[in-house]
>>> print(open('protein.cif').read())   # mmCIF, C-alpha atoms and all ligand atoms
data_coords
loop_
_atom_site.label_atom_id
_atom_site.label_comp_id
_atom_site.auth_asym_id
_atom_site.auth_seq_id
_atom_site.Cartn_x
_atom_site.Cartn_y
_atom_site.Cartn_z
CA MET A 3 -73.64 -75.24 -0.81
CA HIS A 4 -75.54 -75.39 2.52
CA ASP A 5 -75.37 -72.86 5.30
CA ILE A 6 -75.36 -75.55 7.96
CA VAL A 7 -74.94 -79.35 7.92
CA ILE A 8 -75.89 -81.13 11.15
CA ILE A 9 -74.40 -84.58 11.72
CA GLY A 10 -76.71 -86.76 13.81
CA GLY A 11 -80.46 -87.29 13.53
CA GLY A 12 -81.23 -87.78 17.22
CA ILE A 13 -83.10 -85.26 19.34
CA ALA A 14 -80.07 -82.95 19.53
CA GLY A 15 -79.61 -82.65 15.77
CA ILE A 16 -83.31 -82.53 14.90
CA SER A 17 -84.27 -79.99 17.58
CA LEU A 18 -81.45 -77.73 16.40
CA ALA A 19 -82.58 -78.13 12.76
CA ALA A 20 -86.08 -77.06 13.85
CA ARG A 21 -84.69 -73.89 15.45
CA LEU A 22 -82.32 -72.99 12.59
CA ALA A 23 -84.36 -73.87 9.50
CA PRO A 24 -86.49 -70.68 9.46
CA PHE A 25 -83.27 -68.64 9.13
CA ALA A 26 -80.78 -70.77 7.16
CA SER A 27 -80.50 -73.67 4.73
CA VAL A 28 -80.07 -76.74 6.93
CA THR A 29 -79.39 -80.41 6.16
CA VAL A 30 -79.27 -83.18 8.76
CA LEU A 31 -77.22 -86.30 7.99
CA GLU A 32 -78.12 -89.49 9.85
CA ARG A 33 -76.26 -92.76 9.30
CA GLU A 34 -79.12 -95.08 10.32
CA PRO A 35 -82.17 -95.82 8.12
CA SER A 36 -84.40 -93.99 10.63
CA LEU A 37 -84.12 -90.87 12.77
CA GLY A 38 -83.74 -91.23 16.55
CA TYR A 39 -82.57 -94.85 16.38
CA HIS A 40 -79.90 -94.62 19.11
CA SER A 41 -80.14 -92.87 22.53
CA THR A 42 -83.19 -90.80 21.63
CA SER A 43 -85.52 -93.79 21.34
CA ARG A 44 -84.10 -95.57 24.42
CA SER A 45 -84.59 -93.11 27.29
CA ALA A 46 -86.61 -93.32 30.48
CA ALA A 47 -88.60 -90.35 29.15
CA MET A 48 -88.55 -88.36 32.39
CA TYR A 49 -88.61 -84.65 33.15
CA ILE A 50 -86.93 -84.15 36.54
CA PRO A 51 -86.14 -80.48 37.15
CA ASN A 52 -83.89 -81.22 40.15
CA TYR A 53 -81.61 -83.65 38.27
CA GLY A 54 -77.97 -82.85 37.54
CA THR A 55 -75.66 -79.87 37.83
CA ALA A 56 -76.78 -76.25 38.26
CA LEU A 57 -76.37 -75.53 34.52
CA LEU A 58 -78.39 -78.61 33.61
CA ARG A 59 -81.14 -77.61 36.03
CA GLN A 60 -81.26 -74.18 34.39
CA LEU A 61 -81.65 -75.81 30.94
CA ILE A 62 -84.29 -78.25 32.23
CA LEU A 63 -86.33 -75.46 33.82
CA GLN A 64 -86.02 -73.30 30.69
CA SER A 65 -87.30 -76.28 28.64
CA GLY A 66 -90.37 -76.64 30.86
CA ASP A 67 -92.52 -74.08 28.99
CA ASP A 68 -91.90 -75.73 25.61
CA LEU A 69 -92.56 -79.21 27.01
CA THR A 70 -95.84 -78.29 28.72
CA GLY A 71 -97.05 -75.57 26.35
CA ASP A 72 -98.15 -75.52 22.71
CA HIS A 73 -94.90 -74.31 21.10
CA ILE A 74 -93.65 -77.66 19.82
CA VAL A 75 -96.72 -79.92 20.11
CA ALA A 76 -100.27 -78.65 20.74
CA GLY A 77 -101.24 -79.58 24.30
CA GLY A 78 -97.64 -80.25 25.35
CA VAL A 79 -95.81 -83.55 25.82
CA THR A 80 -95.66 -84.04 29.60
CA SER A 81 -97.92 -85.63 32.20
CA LEU A 82 -97.22 -85.31 35.91
CA ARG A 83 -95.78 -88.45 37.51
CA GLY A 84 -93.77 -87.33 40.58
CA GLU A 85 -90.50 -88.86 41.71
CA LEU A 86 -89.86 -90.52 45.07
CA ALA A 87 -86.23 -91.06 46.10
CA ILE A 88 -85.76 -93.29 49.15
CA VAL A 89 -83.00 -92.44 51.63
CA GLY A 90 -81.12 -95.14 53.53
CA ALA A 91 -79.54 -94.72 56.97
CA ASP A 92 -76.08 -94.22 55.41
CA ASP A 93 -77.18 -91.75 52.72
CA GLU A 94 -76.82 -88.48 54.69
CA ASP A 95 -74.08 -87.07 52.44
CA ILE A 96 -75.88 -88.00 49.24
CA LEU A 97 -79.08 -86.46 50.60
CA ALA A 98 -77.30 -83.19 51.43
CA LYS A 99 -75.85 -83.02 47.90
CA TYR A 100 -79.24 -83.85 46.37
CA MET A 101 -80.96 -81.05 48.31
CA THR A 102 -78.36 -78.41 47.38
CA GLY A 103 -79.88 -76.08 44.80
CA SER A 104 -83.06 -78.15 44.56
CA THR A 105 -86.50 -76.58 44.70
CA GLY A 106 -90.00 -77.86 45.47
CA LEU A 107 -88.95 -81.07 47.26
CA THR A 108 -90.89 -82.56 50.19
CA GLN A 109 -89.33 -84.85 52.81
CA LEU A 110 -91.61 -87.80 53.64
CA SER A 111 -91.61 -90.49 56.33
CA PRO A 112 -91.35 -94.14 55.21
CA ASP A 113 -95.10 -94.57 55.87
CA GLU A 114 -95.98 -91.52 53.77
CA ALA A 115 -93.76 -92.81 50.95
CA HIS A 116 -95.41 -96.23 51.20
CA ASP A 117 -98.83 -94.57 50.83
CA LEU A 118 -97.66 -93.11 47.50
CA CYS A 119 -96.08 -96.35 46.29
CA PRO A 120 -97.31 -99.46 48.16
CA ILE A 121 -94.60 -101.81 46.83
CA LEU A 122 -91.88 -100.01 48.85
CA ARG A 123 -90.64 -101.87 51.94
CA ASN A 124 -90.88 -99.09 54.52
CA ASP A 125 -88.47 -100.85 56.91
CA ARG A 126 -85.62 -100.52 54.38
CA PHE A 127 -85.27 -96.71 54.37
CA VAL A 128 -85.39 -93.86 56.89
CA SER A 129 -87.05 -91.15 54.80
CA ALA A 130 -87.91 -90.23 51.22
CA ILE A 131 -87.73 -87.12 49.07
CA TYR A 132 -90.73 -86.41 46.87
CA ASP A 133 -90.52 -84.19 43.79
CA GLU A 134 -94.06 -83.54 42.61
CA GLN A 135 -92.83 -81.63 39.53
CA ALA A 136 -91.31 -84.74 37.88
CA ALA A 137 -93.24 -85.76 34.78
CA ASP A 138 -93.36 -88.35 32.00
CA ILE A 139 -92.36 -87.01 28.59
CA ASP A 140 -93.98 -88.38 25.44
CA VAL A 141 -90.61 -88.54 23.66
CA ASP A 142 -92.03 -89.70 20.35
CA LYS A 143 -94.50 -86.80 20.26
CA LEU A 144 -91.74 -84.34 21.14
CA PHE A 145 -89.37 -85.77 18.53
CA GLN A 146 -92.07 -85.80 15.83
CA GLY A 147 -92.91 -82.22 16.78
CA PHE A 148 -89.31 -81.13 16.16
CA ILE A 149 -89.20 -83.13 12.88
CA ARG A 150 -92.38 -81.38 11.71
CA MET A 151 -91.01 -77.93 12.62
CA ALA A 152 -87.73 -78.66 10.80
CA ARG A 153 -89.40 -79.98 7.64
CA GLN A 154 -92.02 -77.21 7.51
CA SER A 155 -89.21 -74.64 7.45
CA GLY A 156 -87.40 -76.45 4.64
CA ALA A 157 -84.74 -78.48 6.46
CA GLN A 158 -83.59 -81.61 4.63
CA LEU A 159 -83.42 -84.66 6.91
CA LEU A 160 -81.38 -87.36 5.16
CA THR A 161 -81.27 -90.86 6.68
CA GLY A 162 -78.90 -93.56 5.47
CA HIS A 163 -76.12 -90.97 5.09
CA GLU A 164 -73.01 -91.84 7.07
CA VAL A 165 -70.38 -89.13 7.35
CA LEU A 166 -67.00 -90.67 6.56
CA SER A 167 -64.69 -87.66 6.53
CA LEU A 168 -64.60 -83.90 7.06
CA SER A 169 -62.19 -81.37 5.60
CA GLN A 170 -62.10 -77.60 5.23
CA THR A 171 -60.77 -75.32 2.51
CA CYS A 172 -61.13 -71.50 2.60
CA ASN A 173 -63.74 -71.67 5.41
CA THR A 174 -65.89 -74.16 3.48
CA TRP A 175 -66.48 -77.59 4.99
CA HIS A 176 -66.49 -80.63 2.70
CA ILE A 177 -68.58 -83.41 4.21
CA THR A 178 -68.01 -86.77 2.57
CA THR A 179 -70.72 -89.37 3.17
CA ASP A 180 -71.09 -92.90 1.85
CA LYS A 181 -73.39 -91.40 -0.84
CA ASP A 182 -72.11 -87.95 -1.78
CA VAL A 183 -70.05 -84.89 -0.83
CA LEU A 184 -71.78 -81.83 0.65
CA THR A 185 -70.35 -78.40 1.34
CA ALA A 186 -71.33 -76.03 4.15
CA ASP A 187 -70.22 -72.96 6.06
CA ILE A 188 -70.95 -74.57 9.41
CA VAL A 189 -70.85 -78.21 10.52
CA VAL A 190 -72.66 -79.24 13.72
CA ASN A 191 -71.45 -82.22 15.72
CA ALA A 192 -74.68 -83.73 17.12
CA ALA A 193 -73.41 -87.28 16.79
CA GLY A 194 -74.22 -88.40 20.35
CA ALA A 195 -71.89 -91.24 21.39
CA TRP A 196 -69.83 -90.66 18.22
CA ALA A 197 -69.15 -86.96 18.97
CA GLY A 198 -65.48 -87.69 19.70
CA VAL A 199 -65.10 -89.59 16.42
CA LEU A 200 -66.58 -86.67 14.46
CA ALA A 201 -64.38 -84.13 16.26
CA SER A 202 -61.29 -86.09 15.42
CA MET A 203 -62.36 -86.32 11.73
CA ALA A 204 -62.65 -82.52 11.71
CA GLY A 205 -59.35 -81.86 13.49
CA ALA A 206 -61.33 -80.13 16.25
CA SER A 207 -60.39 -79.89 19.95
CA PRO A 208 -59.83 -83.32 21.51
CA ILE A 209 -62.67 -83.00 24.05
CA SER A 210 -63.36 -86.31 25.72
CA ILE A 211 -67.00 -87.43 25.35
CA THR A 212 -67.47 -90.82 27.01
CA PRO A 213 -70.46 -93.00 26.08
CA CYS A 214 -71.80 -94.88 29.11
CA ARG A 215 -74.27 -97.73 28.88
CA ARG A 216 -77.59 -97.59 30.72
CA SER A 217 -79.92 -100.60 30.70
CA ALA A 218 -83.61 -101.06 31.32
CA ALA A 219 -86.19 -103.84 31.47
CA ILE A 220 -89.98 -104.04 31.41
CA ILE A 221 -91.38 -106.35 34.08
CA PRO A 222 -94.99 -107.44 34.63
CA LEU A 223 -96.57 -107.09 38.10
CA ALA A 224 -98.72 -109.52 40.06
CA ASP A 225 -102.44 -109.48 39.25
CA GLY A 226 -104.25 -106.70 41.04
CA LEU A 227 -101.27 -104.32 41.16
CA ASP A 228 -101.89 -101.30 38.97
CA PRO A 229 -98.82 -99.01 38.94
CA THR A 230 -100.51 -96.26 36.91
CA PRO A 231 -100.85 -93.74 39.81
CA TRP A 232 -97.42 -94.46 41.36
CA PRO A 233 -94.53 -92.02 41.10
CA MET A 234 -91.19 -92.95 39.63
CA ILE A 235 -89.20 -94.55 42.48
CA ALA A 236 -85.44 -94.66 42.98
CA ASP A 237 -82.87 -94.87 45.68
CA ILE A 238 -81.20 -91.54 46.30
CA ALA A 239 -77.76 -92.99 45.51
CA GLU A 240 -79.11 -93.84 42.01
CA THR A 241 -78.28 -97.55 42.08
CA TRP A 242 -81.71 -98.46 40.59
CA TYR A 243 -84.94 -96.80 39.57
CA ALA A 244 -88.37 -97.89 38.37
CA LYS A 245 -91.33 -96.19 36.74
CA PRO A 246 -94.80 -97.25 35.62
CA ASP A 247 -95.02 -98.06 31.94
CA ALA A 248 -98.41 -99.02 30.45
CA GLY A 249 -99.49 -101.22 33.38
CA ARG A 250 -96.00 -102.65 33.91
CA LEU A 251 -92.81 -101.35 35.49
CA MET A 252 -89.68 -100.20 33.74
CA VAL A 253 -86.75 -101.05 36.02
CA SER A 254 -83.20 -99.80 35.45
CA PRO A 255 -80.01 -100.81 37.28
CA ALA A 256 -78.92 -97.17 36.73
CA ASP A 257 -75.67 -98.52 35.26
CA GLN A 258 -73.14 -96.09 33.89
CA ASP A 259 -70.43 -98.27 32.33
CA PRO A 260 -68.11 -96.59 29.80
CA ILE A 261 -68.06 -98.41 26.43
CA ALA A 262 -67.04 -97.61 22.85
CA PRO A 263 -69.80 -96.01 20.73
CA CYS A 264 -72.03 -98.78 19.34
CA ASP A 265 -75.57 -100.10 18.99
CA ALA A 266 -75.79 -100.74 22.74
CA TRP A 267 -76.97 -104.00 24.24
CA VAL A 268 -77.78 -105.12 27.79
CA ASP A 269 -75.17 -106.81 29.98
CA ASP A 270 -77.36 -109.53 31.57
CA MET A 271 -75.33 -109.65 34.78
CA VAL A 272 -75.55 -105.86 35.29
CA LEU A 273 -79.31 -106.01 34.72
CA ALA A 274 -79.74 -108.95 37.11
CA MET A 275 -77.82 -107.14 39.86
CA GLY A 276 -79.93 -104.01 39.39
CA ILE A 277 -83.15 -106.01 39.53
CA ASP A 278 -81.87 -107.57 42.75
CA ARG A 279 -81.34 -104.10 44.30
CA PHE A 280 -84.88 -103.16 43.21
CA GLU A 281 -86.26 -106.36 44.78
CA GLN A 282 -84.45 -105.64 48.07
CA ALA A 283 -86.20 -102.27 48.32
CA THR A 284 -89.68 -103.46 47.30
CA THR A 285 -92.09 -106.34 47.80
CA VAL A 286 -91.90 -107.23 44.09
CA SER A 287 -90.40 -110.53 43.10
CA VAL A 288 -89.34 -110.40 39.45
CA THR A 289 -90.18 -113.66 37.70
CA ARG A 290 -90.05 -112.51 34.11
CA VAL A 291 -88.52 -109.76 31.95
CA GLU A 292 -90.79 -108.93 29.02
CA HIS A 293 -88.41 -106.70 27.17
CA GLN A 294 -84.96 -105.23 27.78
CA TRP A 295 -82.75 -102.66 26.11
CA ALA A 296 -79.70 -100.47 26.62
CA GLY A 297 -78.70 -97.06 25.34
CA LEU A 298 -75.75 -94.72 25.63
CA ARG A 299 -75.57 -91.61 27.79
CA SER A 300 -72.53 -89.60 26.72
CA PHE A 301 -70.65 -87.34 29.11
CA ALA A 302 -67.89 -84.74 28.95
CA ASP A 303 -65.43 -85.00 31.84
CA ASP A 304 -67.29 -82.34 33.90
CA HIS A 305 -70.73 -83.84 33.09
CA GLU A 306 -71.96 -80.57 31.52
CA PRO A 307 -73.18 -80.55 27.90
CA VAL A 308 -70.82 -79.16 25.28
CA ALA A 309 -72.46 -76.49 23.12
CA GLY A 310 -70.62 -73.86 21.13
CA PHE A 311 -68.07 -73.25 18.37
CA ASP A 312 -64.85 -75.20 18.59
CA PRO A 313 -61.91 -72.95 19.54
CA VAL A 314 -59.62 -74.63 16.98
CA ALA A 315 -61.70 -75.78 13.98
CA HIS A 316 -63.39 -72.71 12.49
CA GLY A 317 -67.14 -73.22 11.84
CA PHE A 318 -67.28 -76.54 13.74
CA PHE A 319 -70.09 -76.42 16.33
CA TRP A 320 -70.46 -78.87 19.24
CA LEU A 321 -73.85 -80.06 20.50
CA ALA A 322 -72.91 -83.10 22.54
CA GLY A 323 -72.43 -84.56 26.03
CA GLN A 324 -76.06 -84.28 27.17
CA GLY A 325 -75.64 -87.41 29.32
CA GLY A 326 -78.94 -88.45 30.92
CA ASN A 327 -80.60 -85.13 30.12
CA GLY A 328 -80.76 -84.86 26.34
CA ILE A 329 -84.55 -85.15 26.09
CA GLN A 330 -85.55 -82.83 28.91
CA THR A 331 -82.99 -80.17 27.92
CA ALA A 332 -83.56 -80.34 24.14
CA PRO A 333 -85.99 -77.39 23.88
CA ALA A 334 -83.71 -74.92 25.71
CA LEU A 335 -80.38 -76.30 24.52
CA SER A 336 -81.44 -76.25 20.86
CA GLN A 337 -82.66 -72.65 21.22
CA LEU A 338 -79.42 -71.58 22.89
CA ALA A 339 -77.32 -73.39 20.25
CA ALA A 340 -79.32 -71.77 17.43
CA ASP A 341 -78.94 -68.34 19.02
CA ILE A 342 -75.16 -68.80 19.25
CA ILE A 343 -74.93 -70.01 15.63
CA LEU A 344 -77.12 -67.14 14.40
CA SER A 345 -75.29 -64.67 16.72
CA LYS A 346 -78.50 -63.76 18.52
CA THR A 347 -77.45 -64.34 22.13
CA ALA A 348 -78.45 -61.70 24.64
CA SER A 349 -75.12 -61.35 26.44
CA SER A 350 -76.69 -58.66 28.68
CA ASN A 351 -78.44 -61.45 30.59
CA ALA A 352 -75.85 -62.53 33.20
CA SER A 353 -77.33 -65.98 33.79
CA ASP A 354 -77.42 -66.74 30.04
CA ALA A 355 -73.85 -65.45 29.66
CA LYS A 356 -72.81 -67.82 32.48
CA LEU A 357 -74.65 -70.67 30.73
CA ILE A 358 -72.94 -69.96 27.40
CA THR A 359 -69.49 -69.89 29.04
CA GLY A 360 -70.24 -72.99 31.12
CA LEU A 361 -71.27 -75.02 28.06
CA SER A 362 -68.61 -73.70 25.67
CA PRO A 363 -66.05 -76.19 24.33
CA ALA A 364 -63.43 -73.52 25.06
CA ARG A 365 -63.75 -74.30 28.79
CA PHE A 366 -61.45 -77.32 28.31
CA ASN A 367 -58.58 -75.21 26.94
C1 LIG B 401 -81.68 -95.78 29.40
C2 LIG B 401 -81.62 -94.28 29.19
C3 LIG B 401 -82.46 -93.46 29.93
C4 LIG B 401 -82.47 -92.07 29.70
N1 LIG B 401 -83.40 -91.32 30.35
C5 LIG B 401 -83.51 -90.00 30.07
C6 LIG B 401 -84.54 -89.23 30.65
O1 LIG B 401 -85.37 -89.73 31.42
N2 LIG B 401 -84.61 -87.90 30.35
C7 LIG B 401 -83.70 -87.31 29.49
O2 LIG B 401 -83.79 -86.10 29.27
N3 LIG B 401 -82.73 -88.04 28.90
C8 LIG B 401 -82.60 -89.36 29.16
N4 LIG B 401 -81.63 -90.11 28.56
C9 LIG B 401 -80.62 -89.42 27.73
C10 LIG B 401 -81.11 -89.10 26.34
O3 LIG B 401 -81.70 -90.24 25.76
C11 LIG B 401 -79.91 -88.61 25.50
O4 LIG B 401 -79.24 -87.56 26.19
C12 LIG B 401 -80.34 -88.07 24.14
O5 LIG B 401 -81.16 -89.00 23.48
C13 LIG B 401 -79.11 -87.79 23.29
O6 LIG B 401 -79.56 -87.38 22.02
P1 LIG B 401 -78.54 -87.20 20.82
O7 LIG B 401 -79.32 -86.69 19.66
O8 LIG B 401 -77.36 -86.42 21.29
O9 LIG B 401 -77.98 -88.69 20.54
P2 LIG B 401 -78.56 -89.85 19.62
O10 LIG B 401 -80.02 -90.00 19.77
O11 LIG B 401 -77.73 -91.06 19.89
O12 LIG B 401 -78.29 -89.32 18.15
C14 LIG B 401 -76.98 -89.23 17.59
C15 LIG B 401 -77.09 -89.71 16.16
O13 LIG B 401 -75.87 -89.42 15.45
C16 LIG B 401 -75.77 -90.40 14.43
N5 LIG B 401 -74.38 -90.46 13.94
C17 LIG B 401 -73.27 -90.73 14.65
N6 LIG B 401 -72.18 -90.71 13.84
C18 LIG B 401 -72.64 -90.43 12.59
C19 LIG B 401 -71.99 -90.28 11.33
N7 LIG B 401 -70.66 -90.46 11.17
N8 LIG B 401 -72.76 -89.97 10.24
C20 LIG B 401 -74.10 -89.80 10.37
N9 LIG B 401 -74.76 -89.94 11.56
C21 LIG B 401 -74.02 -90.25 12.64
C22 LIG B 401 -76.15 -91.69 15.16
O14 LIG B 401 -76.52 -92.71 14.25
C23 LIG B 401 -77.28 -91.22 16.06
O15 LIG B 401 -78.57 -91.50 15.50
C24 LIG B 401 -81.59 -91.49 28.75
C25 LIG B 401 -80.73 -92.32 28.03
C26 LIG B 401 -80.75 -93.70 28.22
C27 LIG B 401 -79.85 -94.55 27.39
#
>>> encode(input="protein.cif", output="structure tokens")
Amino acid sequence: MHDIVIIGGGIAGISLAARLAPFASVTVLEREPSLGYHSTSRSAAMYIPNYGTALLRQLILQSGDDLTGDHIVAGGVTSLRGELAIVGADDEDILAKYMTGSTGLTQLSPDEAHDLCPILRNDRFVSAIYDEQAADIDVDKLFQGFIRMARQSGAQLLTGHEVLSLSQTCNTWHITTDKDVLTADIVVNAAGAWAGVLASMAGASPISITPCRRSAAIIPLADGLDPTPWPMIADIAETWYAKPDAGRLMVSPADQDPIAPCDAWVDDMVLAMGIDRFEQATTVSVTRVEHQWAGLRSFADDHEPVAGFDPVAHGFFWLAGQGGNGIQTAPALSQLAADIILSKTASSNASDAKLITGLSPARFN
């Protein structure tokens, strides 16, 4: 009998195992032969503190210390990159929304933006917003750091274990995999794009978690162009973005197309249209794609993560719906989830109490 079985060996499940393992017996079950195979290994690897809703921004900021400090990986896992969002003549409303609740942003002229990233066509936009706090995350280092923490505290991380059914008798969960049956007091749903499937197996609340595809490609640049010092660039309406990647550029069409949970693949037409939008905004002409991939970003209807005990299925804990923020929020979200599971939350702190309520699956009741 385990205290806690976590379903899903991506960053959500593994970071939570790292937080819980010093205090409880924890097993992670991952269907694939390796950990982190799905969304976790397919991200843009960015830390952008002004990205997303107010609750997400709180989680991102709270994660900052763990990402830059020595708590998870000695020396931290971030390096400053900066993010430059270009603003078109018709983007006033989007700009106003972007600025609401944001901190540390600088408004630049097209010429100033061009100085930071010389491939931008400065006649195609009227201003730009620069966020100097945005940083690259070494996702592999971060993930390996959480794996090490989990294993050192005794967590079992089992790959090649697909959960096929869940049932509960007398407050004990029976977790049937393709290999064996485990029992536990608490089951955690950290199944990423499959969170809805797992919830329905458990008879938990029917919270809608929609997987949305996001694609990316690596493109080479003309000789003599070294993107290393450039910031990440994007248009403020998020219809494309690009970031330096080992002497090349990663370009994304910023697609967000709902699809059934799966091993995601690129839709060539969507990628081609995104590359076209990137070409319109820059002087780069894309002649070759070296590598392309897609991953799933999974969202609840209100685009906030879902973290907390299910109001219907006793002992069933949700850790899902991180959307495009699951890497940069993992340190804080895993700590908050562990505190709730171990009943250690400081409800005296009003902002944490608001966070817990805002993330709770009970908000959909
Ligand atoms: C292109 C792209 C760019 C992104 N950029 C960023 C970024 O810059 N910054 C950021 O913070 N985030 C970003 N994200 C989002 C981030 O990658 C995700 O939020 C995060 O990886 C989700 O982690 P997860 O552990 O919930 O999901 P996953 O990594 O998908 O893990 C879930 C796991 O559950 C397993 N599973 C499912 N069902 C079962 C079952 N029945 N039995 C056993 N195992 C099961 C799956 O096999 C899977 O491995 C991006 C995502 C994409 C696709």
>>> axis_aligned_box(input="protein.cif", around="ligand LIG 401 (chain B)", padding_each_side="8 Å", output="lines of an AutoDock Vina configuration file")
center_x = -78.0
center_y = -90.9
center_z = 20.8
size_x = 30.7
size_y = 25.7
size_z = 37.2
>>> residues_near_ligand(input="protein.cif", ligand="ligand LIG 401 (chain B)", cutoff="7 Å", atoms="all atoms listed in the file", output="ChimeraX atom specification")
/A:9-15,31-34,37-49,163-166,192-196,200,215-218,296-299,322,324-331
>>> atom_distance(input="protein.cif", atom1="atom CA of Thr212 of chain A", atom2="atom CA of Ile235 of chain A")
26.9 Å
>>> closest_residue(input="protein.cif", among="A:Pro208, A:Gly147, A:Gly90, A:Gly78", to="Ile16 of chain A", atoms="all atoms listed in the file")
A:Gly147
>>> closest_residue(input="protein.cif", among="A:Pro24, A:Pro333, A:Gly156, A:Gly198", to="Thr70 of chain A", atoms="only C-alpha atoms")
A:Pro333
>>> closest_residue(input="protein.cif", among="A:Ala197, A:Leu63, A:Leu118, A:Leu57", to="Pro231 of chain A", atoms="all atoms listed in the file")
A:Leu118
>>> atom_distance(input="protein.cif", atom1="atom CA of Asp265 of chain A", atom2="atom CA of Ile74 of chain A")
28.8 Å
>>> atom_distance(input="protein.cif", atom1="atom CA of Asp117 of chain A", atom2="atom CA of Gly249 of chain A")
18.7 Å
>>> closest_residue(input="protein.cif", among="A:Asp278, A:Asp270, A:Asp354, A:Glu94", to="Trp295 of chain A", atoms="only C-alpha atoms")
A:Asp270
>>> closest_residue(input="protein.cif", among="A:Ala137, A:Met275, A:Ala130, A:Ala309", to="Pro51 of chain A", atoms="all atoms listed in the file")
A:Ala137
>>> residues_around(input="protein.cif", residues="segment 109-115 of chain A", least_positions_apart="6", cutoff="7 Å", atoms="all atoms listed in the file", output="ChimeraX atom specification")
/A:124,127-132
>>> residues_around(input="protein.cif", residues="Leu97 of chain A", least_positions_apart="5", cutoff="10 Å", atoms="all atoms listed in the file", output="JSON, numbers by chain")
{"A": [87, 88, 89, 90, 92, 102, 130, 131, 238, 239]}
>>> write_last_selection(input="protein.cif", atoms="C-alpha atoms", output="short mmCIF file (atom, residue, chain, number, x, y, z; two decimals), in the frame of the given file")
data_model
loop_
_atom_site.label_atom_id
_atom_site.label_comp_id
_atom_site.auth_asym_id
_atom_site.auth_seq_id
_atom_site.Cartn_x
_atom_site.Cartn_y
_atom_site.Cartn_z
CA ALA A 87 -86.23 -91.06 46.10
CA ILE A 88 -85.76 -93.29 49.15
CA VAL A 89 -83.00 -92.44 51.63
CA GLY A 90 -81.12 -95.14 53.53
CA ASP A 92 -76.08 -94.22 55.41
CA THR A 102 -78.36 -78.41 47.38
CA ALA A 130 -87.91 -90.23 51.22
CA ILE A 131 -87.73 -87.12 49.07
CA ILE A 238 -81.20 -91.54 46.30
CA ALA A 239 -77.76 -92.99 45.51
#
>>> closest_residue(input="protein.cif", among="A:Ser207, A:Ser169, A:Thr161, A:Thr174", to="Ala364 of chain A", atoms="all atoms listed in the file")
A:Ser207
>>> residues_around(input="protein.cif", residues="Gly323 of chain A", least_positions_apart="3", cutoff="6 Å", atoms="only C-alpha atoms", output="list in words")
Ser300, Phe301, Ala302, Pro307 and Val308 of chain A
>>> write_last_selection(input="protein.cif", atoms="C-alpha atoms", output="short mmCIF file (atom, residue, chain, number, x, y, z; two decimals), keeping the file's coordinate frame")
data_model
loop_
_atom_site.label_atom_id
_atom_site.label_comp_id
_atom_site.auth_asym_id
_atom_site.auth_seq_id
_atom_site.Cartn_x
_atom_site.Cartn_y
_atom_site.Cartn_z
CA SER A 300 -72.53 -89.60 26.72
CA PHE A 301 -70.65 -87.34 29.11
CA ALA A 302 -67.89 -84.74 28.95
CA PRO A 307 -73.18 -80.55 27.90
CA VAL A 308 -70.82 -79.16 25.28
#
>>> residues_around(input="protein.cif", residues="Ala224 of chain A", least_positions_apart="5", cutoff="12 Å", atoms="only C-alpha atoms", output="MDAnalysis selection string")
chainID A and resid 121 229 249:251 285:290
>>> residues_around(input="protein.cif", residues="Ala244 of chain A", least_positions_apart="2", cutoff="8 Å", atoms="all atoms listed in the file", output="mmCIF file with C-alpha atoms, keeping the file's coordinate frame")
data_model
loop_
_atom_site.group_PDB
_atom_site.id
_atom_site.type_symbol
_atom_site.label_atom_id
_atom_site.label_comp_id
_atom_site.auth_asym_id
_atom_site.auth_seq_id
_atom_site.Cartn_x
_atom_site.Cartn_y
_atom_site.Cartn_z
ATOM 1 C CA MET A 234 -91.190 -92.950 39.630
ATOM 2 C CA ILE A 235 -89.200 -94.550 42.480
ATOM 3 C CA ALA A 236 -85.440 -94.660 42.980
ATOM 4 C CA TRP A 242 -81.710 -98.460 40.590
ATOM 5 C CA PRO A 246 -94.800 -97.250 35.620
ATOM 6 C CA LEU A 251 -92.810 -101.350 35.490
ATOM 7 C CA MET A 252 -89.680 -100.200 33.740
ATOM 8 C CA VAL A 253 -86.750 -101.050 36.020
ATOM 9 C CA SER A 254 -83.200 -99.800 35.450
ATOM 10 C CA PHE A 280 -84.880 -103.160 43.210
#
